[in-house]
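Below: one structure, written as structure tokens.
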Amino acid sequence: MRSMLLRRVLRQKGAVIGGTIVLSVVLTALLAPLLAPHPFDATDLLNTWASPDDVNPLGTDQLGRDILSRLIIGARVSLAVGLSVVTVTLVVGVSVGMVAGYFGGRTDAFFMRAVDIVLAFPEVVLAILVAAVLGPGLLTVIVALSLVWWPGIARLARSLVLVQKQELYVDAAIVCGTPAVKIIWRHILPNIAGALLVRASVGVGFIIMAEATLSFLGLGVQEPVPSWGSMIRDGLPALRTDPMLAISASLVIGLTIIGFNLLGDGLRDALDPRLHGR
Amino acid sequence: MLEVERLCVAFRGQTGPREVLSGVSLSMRQGEILGLVGESGSGKSVTALAIMGLLGEQGRISGGRIRLDGRELTTLNPSDIRRLRGSCMAMIFQEPMTSLNPLLRVGLQIEETLHAHLPLSRAEARTRAIQLLGEVGIPAPETRVDAYPHQFSGGMRQRVMIAIAMACAPRLLIADEPTTALDVTIQAQILALMRRLRAERGTAILLITHDLGVIAQMSDRVAVMYAGEIVEAAPAGELLHSPAHPYTRLLLASLPTTRRRAPRLPVIEGQMPGPGTIASGCRFRMRCPMAVPRCTDETPVLAPFQSGRFVRCWRAGDIAT
Amino acid sequence: MSAALELVGVAHDFPVRGRTLRAVDGVDLAVGAGETLGVVGESGCGKSTLARIMLKLTRPSEGRVRLLGEDVTDLMESAMRPRRRHLQAVFQDPVSSLNPRLTVRDIVAEPLRPLGLRRTAMSQRVLSMLEMVGLPADAAGRYPHAFSGGQRQRIAIARALAAEPRVLICDEATSALDVSVQAQILNLLADLQEQLGLAVVFISHNLGAVRHVSHRVAVMYLGRIVEQGPEAAIFDHPAHPYTKALLAAVPDPAPGAAVPVPLPGEVPSPLDRPPGCHLHPRCPRTGPRCAAEVPPLVEFAPGHHVRCFYPG
């Protein structure tokens with residue numbers, strides 16, 4: 001089954017392109033220290049806002065630091081946030097959603113109220129609140145974004161479970177005497193994993209965007225650690241004269257998001273209609 | 001009136017085209033009910049769709065002819081076929097809920113067909129729609145004409161489908177499993193309605209079903225399909241009384257009946273072969289208790305058998321009683 | 001003979017848009033070991049709800065359910081679980097009743113898990129079940145989508161019988177199958193019942209299939225049992241007008257059989273059941289009492305009960 005899935009995914013042009021982009025970003029993040037030509041915090045106040053040349057392929061920023069190296073190291077931050085938030089939200093959101101959806105009744109009502117309450121907060125406000133408590137930094141961003149994103153996953157998981165509950169194999173499992181937790185884990189989860197995976201891969205893109213926003217606002221990783229968002233912030237004042245910083249950081253974010261979206265779409269297409277078209 | 005000659009239909013598959021119908025021939029006279037019986041995968045629905053020109057993107061007619069009142073259908077362009085649909089030939093399906101538009105009142109759906117083929121004013125069309133609903137046995141048609149499909153029961157919806165199909169008095173009505181989704185008592189009503197329409201209007205009906213009981217009650221003649229071919233064709237009474245093809249015989253024998261309790265039902269082992277899997281020889285030979293080497297070496301043809309009957313089997317004469 | 005499965009005074013209501021839909025009304029049923037009870041009826045008769053009540057998937061609004069002599073009506077799911085090994089089912093749709101992501105081995109072994117068997121014992125049992133239903137041993141490692149409808153139903157039967165249940169509920173088990181496959185499955189069920197001494201409830205709208213497998217038959221209409229008795233009595237000498245109409249409406253492939261006589265009108269919605277005897281608006285034999293009182297189930301002939309004021 002899994003090799004067939006892989007083959008189907010590879011047949012989707014979008015997924016291949018997206019997958020390549022994502023893979024590049026991941027590899028860049030993993031190998032960052034090896035790839036970056038200069039240390040990310042090496043300032044050179046005599047060489048600020050340099051144009052691209054042989055030494056600095058993308059030029060330098062307001063403190064003379066090499067933009068390319070900072071972009072490469074910035075990938076680590078973005079990816080770290082993206083992947084940790086996705087992991088946390090999947091674990092929490094799927095658990096809550098599945099329990100609420102399967103058991104229904106008061107359990108469902110309780111959890112969905114919690115979901116509604118959290119969803120009422122705009123993510124930026126929440127992040128600011130968390131930053132006020134924890135102080136700005138990587139952990140703050142991860143915590144804040146996890147808090148904001150898990151309800152959406154929970155809602156999705158819940159509706160997927162509700163659909164699966166109608167299927168006869170769930171009744172059959174109950175008749176077999178299988179306990180509820182096992183039914184959720186062995187029966188329902190594998191059948192909804194595909195849809196959740198699609199949502200997760202598209203979500204990573206959005207999370208990276210959100211991290212950039214938070215860093216732009218100064219709530220994320222602090223100097224001198226580079227984040228694509230803070231680099232945009234740094235680059236905005238000089239946009240007219242030395243646009244390279246802001247533009248390159250924006251492009252990199254945009255490309256990464258597109259990559260994750262394409263991958264997610266490709267996964268969805270590979271999973272959904274073909275399965276039903278059997 | 002309807003003549004189908006060696007019709008072949010191929011579907012586009014992942015590994016190339018697959019032949020779903022291999023040389024299907026049948027003919028119908030005006031006012032006749034022909035029962036087309038077969039199990040899933042036999043090609044009976046595809047035959048109906050091919051006649052109506054509804055094969056869609058995946059399928060195409062790869063050979064043969066279809067003549068309706070002398071007019072050749074396989075060479076017509078889509079707009080010409082559309083003009084024929086509804087006026088000369090109509091089709092009803094198994095699931096009326098999916099064939100009717102849930103957002104339109106049923107009266108409008110009938111009027112839509114009327115306007116497409118007849119020059120009627122709005123008022124005339126509405127009157128005719130009410131009349132049609134009455135003819136198919138819907139009580140209080142003047143009020144029901146403005147109801148939505150979901151406000152009808154399954155049997156009533158099927159009656160609405162029949163009203164739409166019969167609106168322009170087509171010469172041929174194709175019914176694809178029209179009563180399979182209905183309760184037995186409602187089925188009896190719908191079949192009685194179809195018999196009445198045939199008697200009153202002389203419409204020919206191509207009745208497609210897997211239910212041999214329905215075939216027995218309704219058809220003048222029967223054609224049995226297996227793996228994309230017609231394996232037997234005969235007047236209904238003769239086919240049911242003394243089936244000549246081993247498949248027909250086994251099929252009839254394996255039906256549990258309400259008349260008596262059989263100690264053990266005879267079964268047909270195995271499964272119907274998929275399209276394109278058997279290149280030559282009889283397609284039923286792997287499951288046939290009467291197969292002989294000739295069945296593998298020579299492909300049987302649909303040959304005349306007694307008078308008015310056709311069978312595709314080398315051993316047809318051996319088992320007919 | 002004590003009943004393996006017994007329903008006493010079972011009724012069930014569904015709240016629908018502020019009103020109450022009584023899907024099952026005052027049903028008394030019993031099935032013993034080695035016996036098949038057929039339950040027939042058309043849409044709205046309540047047989048699907050009845051199946052769920054029998055399987056303890058739905059708790060009845062009224063009445064008691066007894067499994068192997070024990071009243072299990074009020075048991076919580078956790079208490080019911082150990083008893084479930086004796087109450088198994090084969091469902092209508094062979095596609096959705098088997099989890100597409102599990103192997104056949106996992107599917108068939110599922111009822112064995114609560115029993116705490118060792119891995120080897122479970123595998124052995126799975127293989128012997130596959131053999132019993134006529135599937136090859138290599139089927140165990142494959143997935144349901146690799147099999148045809150008839151084969152999938154065999155897998156479902158193997159699963160149902162794996163833990164050696166005493167009661168088997170077949171809910172439209174052959175309705176989604178092709179005609180030629182249906183015969184195979186009916187034969188299989190009859191053989192297995194004889195071999196294993198099962199108590200079987202066979203729910204179906206296909207009267208021919210019911211006749212073939214059942215020893216006794218119950219006919220349902222709008223939530224009530226209207227006639228109940230031995231198979232020969234019900235099919236050859238039906239006493240209730242509805243049963244007669246039902247049998248008369250079945251198209252018979254035998255040559256020269258009578259043309260079906262339709263019962264007029266439609267089955268009323270279960271939300272609007274006619275008062276008194278539910279059939280009276282459509283009944284050819286309706287009389288003055290029929291709209292006013294609900295006829296009780298009376299013994300018409302030995303073992304043959306009818307709910308009608310003018311039976312026979």
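Letters A, B, ... go to the chains of the structure tokens in the order shown; residues in each chain start at 1; ligands are counted from 1 in the same order.
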
Picked from segment 92-238 of chain A by DSSP as helix (DSSP H, G or I), as an MDAnalysis selection string: chainID A and resid 92:103 105:119 123:134 138:165 168:175 180:216 228:238

Near-segment 255-266 of chain A list (12 Å; only C-alpha atoms; drop same-chain fewer than 5 positions) as a ChimeraX atom specification: /A:5-26,28,75,78-79,82-83,194-210,212,228,247-250,271-273

Just-selected residues, C-alpha atoms written as a tab-separated table (two decimals), in the first residue's frame:
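Dumped everything to selection_1.tsv:
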chain	number	residue	atom	x	y	z
A	5	LEU	CA	1.06	5.77	-2.43
A	6	LEU	CA	4.59	6.92	-3.12
A	7	ARG	CA	4.21	6.19	-6.79
A	8	ARG	CA	0.97	8.14	-6.93
A	9	VAL	CA	2.50	11.07	-5.14
A	10	LEU	CA	5.43	11.11	-7.52
A	11	ARG	CA	3.04	11.27	-10.42
A	12	GLN	CA	1.73	14.61	-9.20
A	13	LYS	CA	3.87	17.33	-10.69
A	14	GLY	CA	2.92	19.75	-7.99
A	15	ALA	CA	3.91	17.38	-5.26
A	16	VAL	CA	7.26	16.73	-6.85
A	17	ILE	CA	8.05	20.42	-7.17
A	18	GLY	CA	6.78	21.13	-3.69
A	19	GLY	CA	8.61	18.17	-2.28
A	20	THR	CA	11.83	19.31	-3.86
A	21	ILE	CA	11.49	22.75	-2.38
A	22	VAL	CA	10.70	21.37	1.03
A	23	LEU	CA	13.56	18.95	0.86
A	24	SER	CA	15.93	21.76	-0.09
A	25	VAL	CA	14.79	23.85	2.84
A	26	VAL	CA	15.14	20.92	5.22
A	28	THR	CA	19.64	23.69	4.17
A	75	ALA	CA	16.04	28.33	7.80
A	78	SER	CA	11.77	28.59	10.62
A	79	LEU	CA	11.93	24.87	10.27
A	82	GLY	CA	7.35	24.82	11.84
A	83	LEU	CA	8.05	21.24	12.75
A	194	GLY	CA	-4.15	10.90	5.26
A	195	ALA	CA	-6.39	13.92	5.57
A	196	LEU	CA	-4.57	15.01	8.69
A	197	LEU	CA	-1.22	14.72	6.96
A	198	VAL	CA	-2.41	16.94	4.15
A	199	ARG	CA	-3.60	19.54	6.61
A	200	ALA	CA	-0.33	19.32	8.53
A	201	SER	CA	1.88	19.86	5.50
A	202	VAL	CA	-0.10	22.87	4.35
A	203	GLY	CA	-0.11	24.06	7.94
A	204	VAL	CA	3.67	24.10	8.18
A	205	GLY	CA	3.73	26.77	5.54
A	206	PHE	CA	1.33	28.92	7.47
A	207	ILE	CA	3.21	28.38	10.70
A	208	ILE	CA	6.42	29.54	9.10
A	209	MET	CA	4.57	32.62	7.93
A	210	ALA	CA	3.23	33.18	11.42
A	212	ALA	CA	7.94	35.41	10.50
A	228	TRP	CA	13.46	35.47	8.18
A	247	ILE	CA	13.24	41.08	-0.80
A	248	SER	CA	15.44	38.03	-0.38
A	249	ALA	CA	13.94	37.21	3.01
A	250	SER	CA	10.41	37.64	1.66
A	271	LEU	CA	-4.76	10.10	-1.39
A	272	ASP	CA	-8.31	11.09	-2.09
A	273	PRO	CA	-9.90	10.47	-5.47

Check: which chain C residues lie within 6 Å of chain A using only C-alpha atoms, as a list in words: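 Close enough to count are Arg81, Arg84, Ser96, Ser97, Leu98, Asn99 and Pro111 of chain C.
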
9 Å contacts from chain B to chain C using only C-alpha atoms, as number ranges by chain: B: 39-40, 153, 155-156, 182-190, 192, 210-218, 236-241, 250-252, 254-271

Got time to write the residues from that selection, N, CA and C atoms, as a short mmCIF file (atom, residue, chain, number, x, y, z; two decimals), in the first residue's frame?
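Once written, result22.cif looks like this:
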data_model
loop_
_atom_site.label_atom_id
_atom_site.label_comp_id
_atom_site.auth_asym_id
_atom_site.auth_seq_id
_atom_site.Cartn_x
_atom_site.Cartn_y
_atom_site.Cartn_z
N GLU B 39 -25.32 -10.08 -14.40
CA GLU B 39 -24.79 -9.66 -13.10
C GLU B 39 -23.90 -8.44 -13.27
N SER B 40 -23.35 -7.96 -12.16
CA SER B 40 -22.52 -6.76 -12.29
C SER B 40 -21.26 -7.12 -13.06
N SER B 153 -41.70 9.83 -1.57
CA SER B 153 -41.08 8.57 -1.17
C SER B 153 -40.36 7.98 -2.37
N GLY B 155 -40.77 5.22 -4.09
CA GLY B 155 -41.63 4.77 -5.18
C GLY B 155 -42.22 5.93 -5.95
N MET B 156 -42.62 6.97 -5.24
CA MET B 156 -43.19 8.13 -5.90
C MET B 156 -42.14 8.83 -6.76
N LEU B 182 -36.16 -0.36 -4.58
CA LEU B 182 -37.48 -0.19 -4.00
C LEU B 182 -37.92 -1.44 -3.24
N ASP B 183 -38.83 -1.21 -2.30
CA ASP B 183 -39.43 -2.33 -1.59
C ASP B 183 -40.22 -3.21 -2.56
N VAL B 184 -40.38 -4.45 -2.16
CA VAL B 184 -41.05 -5.42 -3.02
C VAL B 184 -42.46 -4.99 -3.40
N THR B 185 -43.23 -4.49 -2.43
CA THR B 185 -44.61 -4.13 -2.77
C THR B 185 -44.66 -2.90 -3.67
N ILE B 186 -43.73 -1.99 -3.48
CA ILE B 186 -43.68 -0.82 -4.36
C ILE B 186 -43.18 -1.23 -5.74
N GLN B 187 -42.25 -2.16 -5.76
CA GLN B 187 -41.74 -2.66 -7.03
C GLN B 187 -42.89 -3.19 -7.87
N ALA B 188 -43.76 -3.95 -7.23
CA ALA B 188 -44.89 -4.51 -7.97
C ALA B 188 -45.73 -3.39 -8.59
N GLN B 189 -45.90 -2.29 -7.85
CA GLN B 189 -46.69 -1.17 -8.39
C GLN B 189 -46.01 -0.55 -9.60
N ILE B 190 -44.70 -0.31 -9.47
CA ILE B 190 -43.98 0.36 -10.57
C ILE B 190 -43.97 -0.52 -11.81
N ALA B 192 -46.20 -2.71 -12.60
CA ALA B 192 -47.56 -2.68 -13.16
C ALA B 192 -47.76 -1.40 -13.97
N HIS B 210 -30.82 -7.41 -12.79
CA HIS B 210 -30.18 -8.67 -12.44
C HIS B 210 -31.22 -9.63 -11.86
N ASP B 211 -32.45 -9.12 -11.67
CA ASP B 211 -33.48 -9.89 -10.99
C ASP B 211 -34.28 -10.72 -12.00
N LEU B 212 -34.06 -12.02 -11.98
CA LEU B 212 -34.73 -12.88 -12.94
C LEU B 212 -36.24 -12.93 -12.71
N GLY B 213 -36.66 -12.69 -11.49
CA GLY B 213 -38.09 -12.68 -11.22
C GLY B 213 -38.77 -11.52 -11.94
N VAL B 214 -38.13 -10.36 -11.88
CA VAL B 214 -38.68 -9.18 -12.58
C VAL B 214 -38.72 -9.45 -14.09
N ILE B 215 -37.64 -10.02 -14.58
CA ILE B 215 -37.58 -10.36 -16.01
C ILE B 215 -38.75 -11.27 -16.37
N ALA B 216 -38.99 -12.25 -15.51
CA ALA B 216 -40.04 -13.21 -15.82
C ALA B 216 -41.39 -12.54 -15.90
N GLN B 217 -41.65 -11.59 -15.01
CA GLN B 217 -42.96 -10.98 -14.96
C GLN B 217 -43.19 -9.97 -16.06
N MET B 218 -42.12 -9.38 -16.55
CA MET B 218 -42.29 -8.24 -17.45
C MET B 218 -41.99 -8.51 -18.91
N ALA B 236 -39.38 -15.04 -23.36
CA ALA B 236 -39.22 -15.18 -21.91
C ALA B 236 -39.65 -16.55 -21.40
N GLY B 237 -40.84 -16.96 -21.81
CA GLY B 237 -41.35 -18.23 -21.31
C GLY B 237 -40.42 -19.38 -21.62
N GLU B 238 -39.93 -19.43 -22.86
CA GLU B 238 -39.06 -20.54 -23.25
C GLU B 238 -37.75 -20.51 -22.49
N LEU B 239 -37.19 -19.30 -22.35
CA LEU B 239 -35.90 -19.22 -21.68
C LEU B 239 -36.00 -19.68 -20.23
N LEU B 240 -37.09 -19.29 -19.57
CA LEU B 240 -37.22 -19.65 -18.16
C LEU B 240 -37.58 -21.11 -18.00
N HIS B 241 -38.33 -21.64 -18.94
CA HIS B 241 -38.74 -23.02 -18.82
C HIS B 241 -37.62 -23.98 -19.18
N LEU B 250 -27.72 -22.40 -14.65
CA LEU B 250 -27.19 -22.35 -13.29
C LEU B 250 -27.74 -21.15 -12.54
N LEU B 251 -27.85 -20.05 -13.25
CA LEU B 251 -28.35 -18.83 -12.60
C LEU B 251 -29.76 -19.05 -12.09
N LEU B 252 -30.60 -19.63 -12.93
CA LEU B 252 -31.97 -19.89 -12.52
C LEU B 252 -32.02 -20.86 -11.36
N SER B 254 -29.79 -21.39 -9.09
CA SER B 254 -29.18 -20.94 -7.83
C SER B 254 -30.00 -19.87 -7.12
N LEU B 255 -31.16 -19.53 -7.65
CA LEU B 255 -31.98 -18.53 -7.00
C LEU B 255 -32.82 -19.13 -5.90
N PRO B 256 -32.72 -18.62 -4.69
CA PRO B 256 -33.63 -19.13 -3.65
C PRO B 256 -35.02 -18.58 -3.93
N THR B 257 -36.01 -19.43 -3.85
CA THR B 257 -37.35 -18.99 -4.19
C THR B 257 -38.27 -19.09 -2.99
N THR B 258 -39.35 -18.33 -3.01
CA THR B 258 -40.26 -18.38 -1.89
C THR B 258 -41.21 -19.57 -2.00
N ARG B 259 -41.13 -20.27 -3.12
CA ARG B 259 -42.10 -21.35 -3.30
C ARG B 259 -41.76 -22.57 -2.48
N ARG B 260 -40.50 -22.90 -2.42
CA ARG B 260 -40.15 -24.04 -1.59
C ARG B 260 -38.71 -23.88 -1.10
N ARG B 261 -38.40 -24.64 -0.08
CA ARG B 261 -37.09 -24.54 0.52
C ARG B 261 -36.20 -25.62 -0.07
N ALA B 262 -35.18 -25.20 -0.82
CA ALA B 262 -34.27 -26.18 -1.43
C ALA B 262 -33.28 -26.67 -0.39
N PRO B 263 -32.90 -27.94 -0.44
CA PRO B 263 -31.94 -28.45 0.54
C PRO B 263 -30.60 -27.75 0.40
N ARG B 264 -30.17 -27.53 -0.80
CA ARG B 264 -28.89 -26.88 -0.99
C ARG B 264 -28.93 -26.21 -2.36
N LEU B 265 -28.47 -24.97 -2.42
CA LEU B 265 -28.53 -24.26 -3.69
C LEU B 265 -27.33 -24.62 -4.55
N PRO B 266 -27.57 -24.91 -5.83
CA PRO B 266 -26.43 -25.11 -6.73
C PRO B 266 -25.71 -23.77 -6.89
N VAL B 267 -24.40 -23.82 -6.96
CA VAL B 267 -23.64 -22.58 -7.08
C VAL B 267 -22.81 -22.57 -8.34
N ILE B 268 -22.48 -21.35 -8.78
CA ILE B 268 -21.53 -21.19 -9.87
C ILE B 268 -20.22 -20.77 -9.22
N GLU B 269 -19.25 -21.66 -9.20
CA GLU B 269 -17.98 -21.34 -8.54
C GLU B 269 -17.25 -20.25 -9.30
N GLY B 270 -16.41 -19.52 -8.60
CA GLY B 270 -15.55 -18.56 -9.27
C GLY B 270 -16.24 -17.23 -9.50
N GLN B 271 -15.67 -16.46 -10.41
CA GLN B 271 -16.15 -15.08 -10.66
C GLN B 271 -16.19 -14.79 -12.13
#

Point-to-point distance from atom CA of Lys244 of chain C to atom CA of Cys45 of chain C, Å rounded to tenths: 16.2 Å

In segment 27-192 of chain B, DSSP strand (DSSP E) residues written as JSON, numbers by chain: {"B": [27, 28, 33, 34, 35, 36, 37, 59, 60, 61, 62, 63, 64, 65, 66, 67, 68, 71, 72, 89, 90, 91, 92, 172, 173, 174, 175, 176]}

For the selection you just gave me, I'd like the residues written to a file as a JSON list (two decimals), in the first residue's frame, keeping N, CA and C atoms.
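Here's the written file again_33.json:
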[["chain", "number", "residue", "atom", "x", "y", "z"],
["B", 27, "SER", "N", -32.36, -6.71, -31.08],
["B", 27, "SER", "CA", -33.34, -5.92, -31.82],
["B", 27, "SER", "C", -34.64, -5.89, -31.05],
["B", 28, "MET", "N", -35.35, -4.82, -31.24],
["B", 28, "MET", "CA", -36.63, -4.67, -30.54],
["B", 28, "MET", "C", -37.68, -4.16, -31.49],
["B", 33, "ILE", "N", -41.32, -5.61, -24.80],
["B", 33, "ILE", "CA", -40.48, -5.44, -23.62],
["B", 33, "ILE", "C", -39.36, -6.48, -23.71],
["B", 34, "LEU", "N", -38.13, -5.98, -23.83],
["B", 34, "LEU", "CA", -36.98, -6.87, -23.89],
["B", 34, "LEU", "C", -36.26, -6.79, -22.56],
["B", 35, "GLY", "N", -36.09, -7.93, -21.92],
["B", 35, "GLY", "CA", -35.38, -7.95, -20.66],
["B", 35, "GLY", "C", -33.91, -8.25, -20.90],
["B", 36, "LEU", "N", -33.03, -7.38, -20.38],
["B", 36, "LEU", "CA", -31.60, -7.61, -20.52],
["B", 36, "LEU", "C", -31.10, -7.97, -19.12],
["B", 37, "VAL", "N", -30.72, -9.19, -18.94],
["B", 37, "VAL", "CA", -30.37, -9.63, -17.60],
["B", 37, "VAL", "C", -28.90, -10.02, -17.52],
["B", 59, "GLY", "N", -15.54, 6.17, -22.10],
["B", 59, "GLY", "CA", -15.89, 5.08, -23.00],
["B", 59, "GLY", "C", -16.18, 5.58, -24.40],
["B", 60, "ARG", "N", -16.01, 4.71, -25.34],
["B", 60, "ARG", "CA", -16.42, 5.06, -26.69],
["B", 60, "ARG", "C", -16.84, 3.81, -27.43],
["B", 61, "ILE", "N", -17.69, 4.03, -28.43],
["B", 61, "ILE", "CA", -18.14, 2.91, -29.25],
["B", 61, "ILE", "C", -17.03, 2.58, -30.23],
["B", 62, "SER", "N", -16.49, 1.38, -30.08],
["B", 62, "SER", "CA", -15.34, 1.03, -30.93],
["B", 62, "SER", "C", -15.73, 0.17, -32.12],
["B", 63, "GLY", "N", -17.02, -0.12, -32.23],
["B", 63, "GLY", "CA", -17.42, -0.92, -33.40],
["B", 63, "GLY", "C", -18.91, -1.19, -33.38],
["B", 64, "GLY", "N", -19.47, -1.53, -34.51],
["B", 64, "GLY", "CA", -20.88, -1.91, -34.56],
["B", 64, "GLY", "C", -21.79, -0.75, -34.89],
["B", 65, "ARG", "N", -23.09, -1.06, -34.98],
["B", 65, "ARG", "CA", -24.08, -0.07, -35.36],
["B", 65, "ARG", "C", -25.25, -0.09, -34.39],
["B", 66, "ILE", "N", -25.87, 1.09, -34.26],
["B", 66, "ILE", "CA", -27.12, 1.19, -33.51],
["B", 66, "ILE", "C", -28.11, 1.95, -34.38],
["B", 67, "ARG", "N", -29.25, 1.31, -34.69],
["B", 67, "ARG", "CA", -30.23, 1.99, -35.55],
["B", 67, "ARG", "C", -31.55, 2.12, -34.81],
["B", 68, "LEU", "N", -32.01, 3.34, -34.71],
["B", 68, "LEU", "CA", -33.30, 3.61, -34.08],
["B", 68, "LEU", "C", -34.23, 4.14, -35.15],
["B", 71, "ARG", "N", -32.59, 5.18, -38.20],
["B", 71, "ARG", "CA", -31.55, 6.21, -38.15],
["B", 71, "ARG", "C", -30.32, 5.67, -37.42],
["B", 72, "GLU", "N", -29.16, 5.89, -38.01],
["B", 72, "GLU", "CA", -27.92, 5.38, -37.44],
["B", 72, "GLU", "C", -27.45, 6.29, -36.31],
["B", 89, "MET", "N", -36.12, 8.53, -27.47],
["B", 89, "MET", "CA", -35.72, 7.51, -26.53],
["B", 89, "MET", "C", -35.44, 8.17, -25.17],
["B", 90, "ALA", "N", -35.79, 7.48, -24.13],
["B", 90, "ALA", "CA", -35.61, 8.03, -22.78],
["B", 90, "ALA", "C", -35.10, 6.93, -21.85],
["B", 91, "MET", "N", -34.54, 7.37, -20.73],
["B", 91, "MET", "CA", -33.95, 6.39, -19.81],
["B", 91, "MET", "C", -34.29, 6.72, -18.38],
["B", 92, "ILE", "N", -34.57, 5.71, -17.58],
["B", 92, "ILE", "CA", -34.72, 5.91, -16.14],
["B", 92, "ILE", "C", -33.72, 5.01, -15.42],
["B", 172, "LEU", "N", -38.92, 4.51, -27.37],
["B", 172, "LEU", "CA", -38.14, 3.54, -26.62],
["B", 172, "LEU", "C", -37.87, 4.07, -25.21],
["B", 173, "LEU", "N", -38.16, 3.24, -24.22],
["B", 173, "LEU", "CA", -37.84, 3.59, -22.85],
["B", 173, "LEU", "C", -36.83, 2.57, -22.35],
["B", 174, "ILE", "N", -35.68, 3.06, -21.88],
["B", 174, "ILE", "CA", -34.69, 2.17, -21.30],
["B", 174, "ILE", "C", -34.76, 2.32, -19.78],
["B", 175, "ALA", "N", -34.94, 1.22, -19.10],
["B", 175, "ALA", "CA", -35.04, 1.27, -17.64],
["B", 175, "ALA", "C", -33.90, 0.44, -17.05],
["B", 176, "ASP", "N", -32.96, 1.13, -16.39],
["B", 176, "ASP", "CA", -31.79, 0.44, -15.84],
["B", 176, "ASP", "C", -32.00, 0.19, -14.36]]

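You will find atom CA of Gln195 of chain C at 24.6 Å from atom CA of Asp106 of chain C.
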
Nearby residues (only C-alpha atoms) at most 9 Å from Ser215 of chain A, same-chain spacing under 5 positions excluded, as an MDAnalysis selection string: chainID A and resid 137 141 210 220:222 227:231 233

12 Å contact set for Leu129 of chain A, only C-alpha atoms, chain neighbours under 3 positions out, as a ChimeraX atom specification: /A:121-126,132-136,140-141,143-145,147-148,219

Length of the atom CA of Leu198 of chain C to atom CA of Pro60 of chain C vector [Å]: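 We find that atom CA of Leu198 of chain C and atom CA of Pro60 of chain C lie 24.3 Å from each other.
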
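Using only C-alpha atoms, the smallest distance between any of C:Arg113, C:Arg166, C:Arg307, C:Arg273 and Thr20 of chain C comes from C:Arg273.
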